[in-house]
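Shown below: model_15.pdb, with PDB, C-alpha atoms.
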```pdb
ATOM      1  CA  MET A  24       0.000   0.000   0.000
ATOM      2  CA  PHE A  25       1.392   3.382  -0.998
ATOM      3  CA  THR A  26       1.397   6.259   1.470
ATOM      4  CA  GLU A  27      -0.455   9.421   0.542
ATOM      5  CA  ASP A  28       2.812  11.419   0.454
ATOM      6  CA  TYR A  29       4.362   8.887  -1.914
ATOM      7  CA  LEU A  30       1.329   8.995  -4.216
ATOM      8  CA  MET A  31       1.319  12.792  -4.239
ATOM      9  CA  ARG A  32       5.011  12.814  -5.162
ATOM     10  CA  ILE A  33       4.376  10.335  -7.994
ATOM     11  CA  ILE A  34       1.439  12.386  -9.253
ATOM     12  CA  ASN A  35       3.471  15.600  -9.165
ATOM     13  CA  LEU A  36       6.354  13.955 -11.046
ATOM     14  CA  ALA A  37       3.930  12.618 -13.661
ATOM     15  CA  ILE A  38       2.314  16.031 -14.092
ATOM     16  CA  ALA A  39       5.751  17.625 -14.531
ATOM     17  CA  ALA A  40       6.718  14.973 -17.110
ATOM     18  CA  SER A  41       3.427  15.565 -18.928
ATOM     19  CA  MET A  42       4.065  19.307 -19.106
ATOM     20  CA  THR A  43       7.588  18.615 -20.358
ATOM     21  CA  ALA A  44       6.173  16.305 -23.043
ATOM     22  CA  ILE A  45       3.695  18.947 -24.198
ATOM     23  CA  GLY A  46       6.498  21.494 -24.494
ATOM     24  CA  LEU A  47       8.699  19.053 -26.394
ATOM     25  CA  ARG A  48       5.824  18.133 -28.768
ATOM     26  CA  LYS A  49       5.122  21.800 -29.463
ATOM     27  CA  ALA A  50       8.835  22.273 -30.171
ATOM     28  CA  GLY A  51       8.721  19.390 -32.663
ATOM     29  CA  LYS A  52      10.869  17.102 -30.495
ATOM     30  CA  TYR A  53       8.551  14.126 -30.776
ATOM     31  CA  SER A  54      10.953  11.371 -29.716
ATOM     32  CA  GLU A  55      11.903  13.228 -26.553
ATOM     33  CA  ALA A  56       8.237  14.021 -25.878
ATOM     34  CA  ARG A  57       7.342  10.363 -26.254
ATOM     35  CA  GLN A  58      10.090   9.398 -23.802
ATOM     36  CA  ALA A  59       8.754  11.903 -21.269
ATOM     37  CA  ILE A  60       5.265  10.367 -21.617
ATOM     38  CA  GLN A  61       6.670   6.864 -21.156
ATOM     39  CA  GLN A  62       8.541   8.001 -18.044
ATOM     40  CA  ALA A  63       5.381   9.584 -16.600
ATOM     41  CA  ILE A  64       3.364   6.408 -17.253
ATOM     42  CA  GLU A  65       6.035   4.402 -15.426
ATOM     43  CA  GLN A  66       5.959   6.822 -12.488
ATOM     44  CA  LEU A  67       2.172   6.650 -12.213
ATOM     45  CA  THR A  68       1.846   2.891 -12.538
ATOM     46  CA  THR A  69       5.220   1.721 -11.154
ATOM     47  CA  LEU A  70       5.417  -0.610 -14.171
ATOM     48  CA  PRO A  71       7.447  -0.379 -17.390
ATOM     49  CA  ALA A  72       5.502   1.734 -19.903
ATOM     50  CA  ASN A  73       5.779  -0.911 -22.625
ATOM     51  CA  LEU A  74       4.073  -3.397 -20.272
ATOM     52  CA  VAL A  75       1.305  -0.912 -19.430
ATOM     53  CA  ASP A  76       0.804  -0.235 -23.154
ATOM     54  CA  GLN A  77       0.235  -3.975 -23.698
ATOM     55  CA  MET A  78      -2.321  -4.270 -20.892
ATOM     56  CA  ASP A  79      -6.014  -3.961 -21.644
ATOM     57  CA  ASP A  80      -7.886  -1.004 -20.196
ATOM     58  CA  GLY A  81      -9.774  -3.152 -17.683
ATOM     59  CA  SER A  82      -6.523  -4.476 -16.223
ATOM     60  CA  ILE A  83      -5.183  -0.959 -15.789
ATOM     61  CA  LEU A  84      -8.415   0.106 -14.102
ATOM     62  CA  SER A  85      -8.126  -2.887 -11.770
ATOM     63  CA  MET A  86      -4.508  -2.024 -11.029
ATOM     64  CA  LEU A  87      -5.572   1.505 -10.022
ATOM     65  CA  THR A  88      -8.317   0.197  -7.727
ATOM     66  CA  THR A  89      -7.610  -0.440  -4.052
ATOM     67  CA  GLN A  90     -10.246  -1.805  -1.691
ATOM     68  CA  GLY A  91     -12.941  -1.095  -4.267
ATOM     69  CA  GLN A  92     -11.861   2.536  -4.726
ATOM     70  CA  LEU A  93     -10.604   3.689  -8.129
ATOM     71  CA  ASP A  94      -7.720   6.155  -7.849
ATOM     72  CA  VAL A  95      -9.357   8.762 -10.076
ATOM     73  CA  GLY A  96      -6.502  11.218  -9.545
ATOM     74  CA  ARG A  97      -3.919   8.925 -11.099
ATOM     75  CA  LEU A  98      -6.431   7.774 -13.733
ATOM     76  CA  ALA A  99      -7.148  11.368 -14.803
ATOM     77  CA  ILE A 100      -3.426  12.024 -15.257
ATOM     78  CA  LEU A 101      -3.041   8.738 -17.128
ATOM     79  CA  ALA A 102      -5.891   9.802 -19.447
ATOM     80  CA  ASP A 103      -4.084  13.082 -20.157
ATOM     81  CA  LEU A 104      -0.821  11.209 -20.780
ATOM     82  CA  TYR A 105      -2.436   8.864 -23.292
ATOM     83  CA  GLN A 106      -4.112  11.786 -25.026
ATOM     84  CA  GLU A 107      -0.739  13.508 -25.331
ATOM     85  CA  GLN A 108       0.805  10.250 -26.527
ATOM     86  CA  GLY A 109      -1.879  10.083 -29.229
ATOM     87  CA  GLU A 110      -1.022  13.622 -30.345
ATOM     88  CA  ILE A 111       2.665  12.706 -30.549
ATOM     89  CA  LEU A 112       2.007   9.480 -32.454
ATOM     90  CA  PHE A 113      -0.122  11.337 -35.012
ATOM     91  CA  LYS A 114       2.721  13.842 -35.480
ATOM     92  CA  LEU A 115       5.000  10.828 -36.123
ATOM     93  CA  ASP A 116       2.539   9.539 -38.783
ATOM     94  CA  GLN A 117       1.604   6.573 -36.596
ATOM     95  CA  SER A 118      -2.152   7.073 -36.812
ATOM     96  CA  VAL A 119      -3.144   3.542 -35.783
ATOM     97  CA  GLN A 120      -1.109   3.720 -32.574
ATOM     98  CA  GLY A 121      -2.304   7.288 -32.060
ATOM     99  CA  SER A 122      -5.925   6.180 -32.299
ATOM    100  CA  ILE A 123      -5.259   3.403 -29.777
ATOM    101  CA  ALA A 124      -3.796   5.968 -27.371
ATOM    102  CA  PHE A 125      -6.782   8.302 -27.915
ATOM    103  CA  ALA A 126      -9.230   5.435 -27.326
ATOM    104  CA  ARG A 127      -7.481   4.562 -24.063
ATOM    105  CA  ALA A 128      -7.523   8.225 -23.000
ATOM    106  CA  LEU A 129     -11.245   8.360 -23.773
ATOM    107  CA  ARG A 130     -12.013   5.253 -21.718
ATOM    108  CA  PHE A 131     -10.018   6.590 -18.780
ATOM    109  CA  ILE A 132     -11.520  10.093 -18.810
ATOM    110  CA  LEU A 133     -14.993   8.533 -19.061
ATOM    111  CA  GLU A 134     -14.257   6.455 -15.967
ATOM    112  CA  VAL A 135     -13.088   9.597 -14.170
ATOM    113  CA  ALA A 136     -16.181  11.564 -15.234
ATOM    114  CA  LEU A 137     -18.515   8.728 -14.224
ATOM    115  CA  SER A 138     -16.822   8.032 -10.872
ATOM    116  CA  GLU A 139     -18.764  10.750  -9.056
ATOM    117  CA  ALA A 140     -21.093  13.612  -9.957
ATOM    118  CA  ALA A 141     -18.480  16.313  -9.265
ATOM    119  CA  ASN A 142     -16.203  14.786 -11.909
ATOM    120  CA  LEU A 143     -18.815  15.328 -14.625
ATOM    121  CA  SER A 144     -17.353  18.816 -14.924
ATOM    122  CA  THR A 145     -17.219  21.171 -17.878
ATOM    123  CA  GLU A 146     -13.475  20.444 -18.152
ATOM    124  CA  ASN A 147     -13.963  16.672 -18.313
ATOM    125  CA  ILE A 148     -16.896  17.015 -20.714
ATOM    126  CA  GLY A 149     -14.613  19.075 -22.950
ATOM    127  CA  LYS A 150     -11.906  16.402 -22.792
ATOM    128  CA  VAL A 151     -14.409  13.705 -23.766
ATOM    129  CA  GLU A 152     -15.677  15.767 -26.698
ATOM    130  CA  VAL A 153     -12.155  16.458 -27.999
ATOM    131  CA  LEU A 154     -11.294  12.753 -27.867
ATOM    132  CA  ILE A 155     -14.545  11.761 -29.564
ATOM    133  CA  GLN A 156     -13.738  14.173 -32.404
ATOM    134  CA  GLN A 157     -10.216  12.750 -32.699
ATOM    135  CA  LEU A 158     -11.666   9.233 -32.881
ATOM    136  CA  LYS A 159     -14.495  10.051 -35.301
ATOM    137  CA  GLY A 160     -15.102   7.201 -37.708
ATOM    138  CA  ARG A 161     -13.025   4.717 -35.728
ATOM    139  CA  GLY A 162     -14.504   1.760 -33.923
ATOM    140  CA  LEU A 163     -14.390   1.783 -30.144
ATOM    141  CA  PRO A 164     -14.268  -1.216 -27.816
ATOM    142  CA  VAL A 165     -17.669  -2.243 -26.434
ATOM    143  CA  GLU A 166     -16.612  -1.306 -22.886
ATOM    144  CA  THR A 167     -15.850   2.229 -24.057
ATOM    145  CA  GLN A 168     -19.141   2.428 -25.944
ATOM    146  CA  LEU A 169     -20.997   1.309 -22.810
ATOM    147  CA  ALA A 170     -19.161   3.924 -20.735
ATOM    148  CA  LEU A 171     -20.082   6.526 -23.379
ATOM    149  CA  SER A 172     -23.721   5.463 -23.141
ATOM    150  CA  ASP A 173     -23.628   5.917 -19.349
ATOM    151  CA  TYR A 174     -21.862   9.251 -19.809
ATOM    152  CA  TYR A 175     -24.523  10.587 -22.212
ATOM    153  CA  GLN A 176     -27.302   9.390 -19.920
ATOM    154  CA  ARG A 177     -25.652  11.264 -17.049
ATOM    155  CA  LEU A 178     -25.330  14.369 -19.228
ATOM    156  CA  LEU A 179     -29.078  14.267 -19.817
ATOM    157  CA  GLU A 180     -29.541  14.578 -16.039
ATOM    158  CA  LYS A 181     -27.782  17.970 -16.126
ATOM    159  CA  ASP A 182     -29.725  21.202 -16.603
ATOM    160  CA  ASP A 183     -29.782  22.904 -19.999
ATOM    161  CA  GLN A 184     -27.480  25.752 -18.910
ATOM    162  CA  SER A 185     -24.796  23.277 -17.784
ATOM    163  CA  LEU A 186     -24.993  21.539 -21.150
ATOM    164  CA  VAL A 187     -24.666  24.834 -23.028
ATOM    165  CA  THR A 188     -21.684  25.802 -20.848
ATOM    166  CA  ALA A 189     -20.095  22.460 -21.752
ATOM    167  CA  GLY A 190     -20.586  23.226 -25.459
ATOM    168  CA  THR A 191     -23.497  20.929 -26.197
ATOM    169  CA  SER A 192     -27.279  20.771 -25.959
ATOM    170  CA  ARG A 193     -29.884  18.321 -24.711
ATOM    171  CA  LYS A 194     -30.888  17.626 -28.331
ATOM    172  CA  GLN A 195     -27.286  16.847 -29.385
ATOM    173  CA  VAL A 196     -26.741  14.581 -26.381
ATOM    174  CA  SER A 197     -30.048  12.763 -26.996
ATOM    175  CA  GLN A 198     -29.252  12.230 -30.672
ATOM    176  CA  THR A 199     -25.733  11.003 -29.940
ATOM    177  CA  LEU A 200     -27.016   8.644 -27.245
ATOM    178  CA  ALA A 201     -29.673   7.235 -29.603
ATOM    179  CA  LYS A 202     -27.054   6.569 -32.318
ATOM    180  CA  LEU A 203     -24.743   4.941 -29.800
ATOM    181  CA  GLN A 204     -27.495   2.721 -28.447
ATOM    182  CA  ASP A 205     -28.407   1.721 -32.018
ATOM    183  CA  GLN A 206     -24.778   0.701 -32.580
ATOM    184  CA  LEU A 207     -24.698  -1.270 -29.340
ATOM    185  CA  GLY A 208     -27.838  -3.132 -30.318
ATOM    186  CA  PRO A 209     -30.893  -4.156 -28.321
ATOM    187  CA  SER A 210     -29.022  -6.484 -25.971
ATOM    188  CA  GLN A 211     -26.868  -3.569 -24.743
ATOM    189  CA  ASN A 212     -29.689  -1.016 -24.524
ATOM    190  CA  THR A 213     -30.388  -1.513 -20.849
ATOM    191  CA  THR A 214     -29.589   1.165 -18.298
ATOM    192  CA  GLY A 215     -28.772  -0.799 -15.185
ATOM    193  CA  ASP A 216     -25.594  -1.505 -13.292
TER
END
```
Please render this file's structure as structure tokens.
Amino acid sequence: MFTEDYLMRIINLAIAASMTAIGLRKAGKYSEARQAIQQAIEQLTTLPANLVDQMDDGSILSMLTTQGQLDVGRLAILADLYQEQGEILFKLDQSVQGSIAFARALRFILEVALSEAANLSTENIGKVEVLIQQLKGRGLPVETQLALSDYYQRLLEKDDQSLVTAGTSRKQVSQTLAKLQDQLGPSQNTTGD
């Protein structure tokens, strides 16, 4: 079991590495940026980044869960790291790997947003929307589609002003949810946990 001080130090190191990676990407130093992302992933997970990259999303979520509690702080940073990794991979003309990184970032930020009502914030809604746009036309794993369905249902519980502030509308959310549920099919159309 990690102490809170240790976890905070790891999180701060990962955030610093993420900021370094963003700066390096913007400077066109993609290899160095990618190394900074890999280092941050290793700091957050305490596992080699290449091993984490090979794990499925569910295994990573399980790894970040202790006594039934998901560490949403580390997961949120991990989502940002994978989004940045996707940006870097696209700059390196590795669109397939970039899409995989974006899909992982989407799944993780959805889990963060769905973990508690306060996390369904304008900032997290914006992150989800950016990732959805980056993944437009690409197939998503069923688990991610189910999380998206839950996410859109939760958005419909928000008031209209909150939706407008987040850059969407009740009509857009309803239409997107209906399309998603059509894709999932009738067997997945239930709304229970």
Exercise. What residues have an atom no more than 12 Å from (-0.1, -0.8, -24.1) in the file's own frame, counting only C-alpha atoms, and can you write them as an NGL selection string?
Worked result: :A and (61 or 64-65 or 70-83 or 105 or 108 or 120-121 or 123-128)
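The smallest atom-to-atom distance between Thr69 (chain A) and any of A:Met86, A:Leu163, A:Val135, A:Ala170, using only C-alpha atoms, is found for A:Met86.
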For this session: Check which residues satisfy the PyMOL selection byres ((chain A and resi 37-53) around 12) in the file shown, then give them as an MDAnalysis selection string.
Result: chainID A and resid 30:36 54:69 96:117
Exercise. With distances taken over only C-alpha atoms, which of A:Gly160, A:Val187, A:Leu200, A:Thr88 is nearest to Ser138 (chain A)?
Worked result: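 So, comparing all the options, the nearest one is A:Thr88.
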Exercise. From the set A:Leu203, A:Gln168, A:Gly162, A:Gln198, which residue has the shortest atom-to-atom contact distance to Val119 (chain A), counting only C-alpha atoms?
Worked result: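 Among the listed residues, A:Gly162 lies closest to Val119 (chain A).
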Produce the centre coordinates and the three edge lengths, each in Å to one decimal, of the box along x, y and z that contains all listed atoms of region 138-141 of chain A with 3 Å added on each side, as AutoDock Vina command-line options.
```
--center_x -19.0 --center_y 12.2 --center_z -10.0 --size_x 10.3 --size_y 14.3 --size_z 7.8
```
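Counting all atoms listed in the file and comparing A:Ser85, A:Ser172, A:Thr145, A:Gln206, the residue that lies closest to Gly190 (chain A) is A:Thr145.
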For this session: I would like the residues chosen by the PyMOL selection byres ((chain A and resi 150) around 10) on the shown file; could you give them as an MDAnalysis selection string?
Result: chainID A and resid 102:103 106 128:129 132:133 136 144:149 151:155
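Across the structure, CA of Val95 (chain A) and CA of Tyr174 (chain A) are spaced 15.9 Å apart.
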Problem set entry | Two-atom distance - CA of Thr191 (chain A), CA of Glu166 (chain A) (Å) | 23.5 Å
For this session: To one decimal in Å, tell me the separation between CA of Phe131 (chain A) and CA of Ser197 (chain A).
Result: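 Spanning CA of Phe131 (chain A) to CA of Ser197 (chain A) is a straight-line distance of 22.5 Å.
The environment of Thr199 (chain A) within 10 Å, counting all atoms listed in the file and disregarding residues fewer than 5 places along the same chain, consists of Leu171, Ser172, Tyr175, Arg193, Lys194, Gln204 and Asp205 of chain A.
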